[in-house]
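Asks: See run.cif below, with mmCIF, C-alpha atoms.
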data_target
loop_
_atom_site.group_PDB
_atom_site.id
_atom_site.type_symbol
_atom_site.label_atom_id
_atom_site.label_comp_id
_atom_site.auth_asym_id
_atom_site.auth_seq_id
_atom_site.Cartn_x
_atom_site.Cartn_y
_atom_site.Cartn_z
ATOM 1 C CA THR V 276 97.292 -155.246 165.597
ATOM 2 C CA ILE V 277 94.255 -153.870 163.808
ATOM 3 C CA ASN V 278 95.760 -154.938 160.452
ATOM 4 C CA THR V 279 95.309 -158.565 161.533
ATOM 5 C CA TYR V 280 91.534 -158.088 161.722
ATOM 6 C CA GLU V 281 91.055 -155.354 159.120
ATOM 7 C CA PRO V 282 93.431 -155.958 156.217
ATOM 8 C CA GLN V 283 91.706 -153.454 153.902
ATOM 9 C CA GLY V 284 93.089 -149.985 153.399
ATOM 10 C CA ARG V 285 91.875 -147.321 155.823
ATOM 11 C CA LYS V 286 92.556 -144.241 153.690
ATOM 12 C CA LEU V 287 88.982 -142.918 153.907
ATOM 13 C CA TYR V 288 87.991 -144.391 157.242
ATOM 14 C CA ALA V 289 87.469 -141.053 158.971
ATOM 15 C CA GLY V 290 88.447 -137.442 158.834
ATOM 16 C CA TRP V 291 87.962 -134.086 160.466
ATOM 17 C CA LEU V 292 85.402 -131.550 159.314
ATOM 18 C CA GLY V 293 85.375 -128.085 160.742
ATOM 19 C CA MET V 294 84.510 -124.482 160.374
ATOM 20 C CA GLY V 295 86.172 -121.510 161.972
ATOM 21 C CA GLN V 296 84.269 -118.379 162.828
ATOM 22 C CA ASP V 297 84.787 -115.473 165.234
ATOM 23 C CA HIS V 298 88.026 -116.857 166.729
ATOM 24 C CA SER V 299 86.489 -120.272 167.368
ATOM 25 C CA LEU V 300 86.716 -123.607 165.615
ATOM 26 C CA HIS V 301 83.969 -126.235 165.592
ATOM 27 C CA THR V 302 85.202 -129.649 164.478
ATOM 28 C CA TYR V 303 83.491 -132.982 163.940
ATOM 29 C CA VAL V 304 84.746 -136.462 163.185
ATOM 30 C CA ASN V 305 83.421 -137.758 159.882
ATOM 31 C CA LEU V 306 82.683 -141.477 160.217
ATOM 32 C CA ARG V 307 80.867 -141.835 156.901
ATOM 33 C CA CYS V 308 82.332 -141.142 153.493
ATOM 34 C CA ALA V 309 82.504 -142.577 150.005
ATOM 35 C CA GLU V 310 85.017 -142.850 147.205
ATOM 36 C CA LEU V 311 83.351 -142.448 143.811
ATOM 37 C CA PHE V 312 84.513 -144.198 140.636
ATOM 38 C CA SER V 313 83.199 -144.119 137.065
ATOM 39 C CA ASN V 314 81.653 -147.582 137.563
ATOM 40 C CA GLY V 315 80.510 -147.429 141.196
ATOM 41 C CA MET V 316 81.497 -146.380 144.683
ATOM 42 C CA GLN V 317 83.160 -147.652 147.834
ATOM 43 C CA CYS V 318 81.521 -146.532 151.082
ATOM 44 C CA TYR V 319 83.268 -146.340 154.432
ATOM 45 C CA ALA V 320 81.800 -146.083 157.931
ATOM 46 C CA GLY V 321 83.421 -146.066 161.326
ATOM 47 C CA CYS V 322 82.065 -147.158 164.659
ATOM 48 C CA GLY V 323 83.145 -146.824 168.258
ATOM 49 C CA VAL V 324 84.257 -150.327 169.192
ATOM 50 C CA ASN V 325 85.737 -150.493 172.671
ATOM 51 C CA LYS V 326 86.002 -152.893 175.612
ATOM 52 C CA GLY V 327 82.321 -152.441 176.551
ATOM 53 C CA SER V 328 80.971 -152.710 173.002
ATOM 54 C CA ALA V 329 78.542 -155.386 171.900
ATOM 55 C CA ALA V 330 79.968 -156.541 168.560
ATOM 56 C CA GLU V 331 76.565 -157.476 167.110
ATOM 57 C CA LEU V 332 75.083 -154.064 167.955
ATOM 58 C CA GLU V 333 78.107 -152.278 166.457
ATOM 59 C CA TYR V 334 77.683 -154.343 163.291
ATOM 60 C CA ILE V 335 73.984 -153.428 163.053
ATOM 61 C CA GLU V 336 74.808 -149.739 163.587
ATOM 62 C CA THR V 337 77.423 -149.868 160.824
ATOM 63 C CA GLU V 338 74.987 -151.587 158.469
ATOM 64 C CA ASN V 339 72.449 -148.820 159.162
ATOM 65 C CA LYS V 340 75.070 -146.168 158.383
ATOM 66 C CA MET V 341 75.800 -147.865 155.072
ATOM 67 C CA GLN V 342 72.101 -148.041 154.180
ATOM 68 C CA VAL V 343 71.821 -144.269 154.705
ATOM 69 C CA MET V 344 74.903 -143.690 152.517
ATOM 70 C CA ALA V 345 73.561 -145.948 149.774
ATOM 71 C CA SER V 346 70.150 -144.257 149.776
ATOM 72 C CA LEU V 347 71.727 -140.799 149.505
ATOM 73 C CA LEU V 348 74.187 -141.717 146.762
ATOM 74 C CA SER V 349 72.082 -144.004 144.594
#
For the file at hand, write its structure as C-alpha cells.

Replies:
Amino acid sequence: TINTYEPQGRKLYAGWLGMGQDHSLHTYVNLRCAELFSNGMQCYAGCGVNKGSAAELEYIETENKMQVMASLLS
C-alpha cells in the first residue's frame, strides 16, 4: 500500500478548488499547499506518478514545486 512507501500524514496532500458561475462549475486540483505554524511551515506538493513515470523526473518536478512555494512564502 502507499502507506508502506509514504508513512507521513496526507491531510494536506491535495484538494479541490472551484468557482461556480452562471450554472457552471470550474474545478481544479490543488497539488501545492502549506500548513503554517508560529515557528515555520510545512509545504506539500503532489505529482502524477504512474506506470510510465520516470521517478527521477517526478522528483525534480516536485523539488521545483517546493522551491516556488518557498519563494512565495518566505

Asks: Quick one: distance from CA of Ala309 in chain V to CA of Met344 in chain V in Å, one decimal?

Replies: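 Here the two named atoms are 8.1 Å from each other.
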
Asks: My list of candidates is V:Ser328, V:Thr337, V:Asn278, V:Gln283. Which is closest to Leu306 in chain V when distances are computed with all atoms listed in the file?

Replies: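 Among V:Ser328, V:Thr337, V:Asn278, V:Gln283, it is V:Thr337 that comes nearest to Leu306 in chain V.
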
Asks: Just checking: using all atoms listed in the file, which residue out of V:Asn325, V:Gln317, V:Phe312, V:Gln296 ends up closest to Gly284 in chain V?

Replies: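 Checking each of V:Asn325, V:Gln317, V:Phe312, V:Gln296 against Gly284 in chain V, counting all atoms listed in the file, the winner is V:Gln317.
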
Asks: Which is closer to Ala345 in chain V than all the others in V:Met316, V:Val324, V:Leu332, V:Leu292, using all atoms listed in the file?

Replies: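 Looking at the shortest contact to Ala345 in chain V, the residue is V:Met316.
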
Asks: With the file shown as input, list the residues that the PyMOL selection byres ((chain V and resi 341) around 10) selects, as a PyMOL selection string.

Replies: chain V and resi 307-309+318-320+335-340+342-347

Asks: Residues as selected, C-alpha atoms, written as a compact mmCIF listing (two decimals), keeping the file's coordinate frame, can you do that?

Replies:
# COMPACT_ATOMS: atom_id res chain seq x y z
CA ARG V 307 80.87 -141.84 156.90
CA CYS V 308 82.33 -141.14 153.49
CA ALA V 309 82.50 -142.58 150.00
CA CYS V 318 81.52 -146.53 151.08
CA TYR V 319 83.27 -146.34 154.43
CA ALA V 320 81.80 -146.08 157.93
CA ILE V 335 73.98 -153.43 163.05
CA GLU V 336 74.81 -149.74 163.59
CA THR V 337 77.42 -149.87 160.82
CA GLU V 338 74.99 -151.59 158.47
CA ASN V 339 72.45 -148.82 159.16
CA LYS V 340 75.07 -146.17 158.38
CA GLN V 342 72.10 -148.04 154.18
CA VAL V 343 71.82 -144.27 154.71
CA MET V 344 74.90 -143.69 152.52
CA ALA V 345 73.56 -145.95 149.77
CA SER V 346 70.15 -144.26 149.78
CA LEU V 347 71.73 -140.80 149.50

Asks: Just how far from CA of Lys326 in chain V is CA of Glu281 in chain V, in Å to one decimal?

Replies: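 Rounded to one decimal, the two atoms are 17.4 Å apart.
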
Asks: Might you spell out which residues the PyMOL selection byres ((chain V and resi 293) around 9) would select in the displayed file, as a tab-separated table (two decimals) with C-alpha atoms, keeping the file's coordinate frame?

Replies:
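File written: out.tsv
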chain	number	residue	atom	x	y	z
V	291	TRP	CA	87.96	-134.09	160.47
V	292	LEU	CA	85.40	-131.55	159.31
V	294	MET	CA	84.51	-124.48	160.37
V	295	GLY	CA	86.17	-121.51	161.97
V	300	LEU	CA	86.72	-123.61	165.62
V	301	HIS	CA	83.97	-126.24	165.59
V	302	THR	CA	85.20	-129.65	164.48
V	303	TYR	CA	83.49	-132.98	163.94
V	304	VAL	CA	84.75	-136.46	163.18
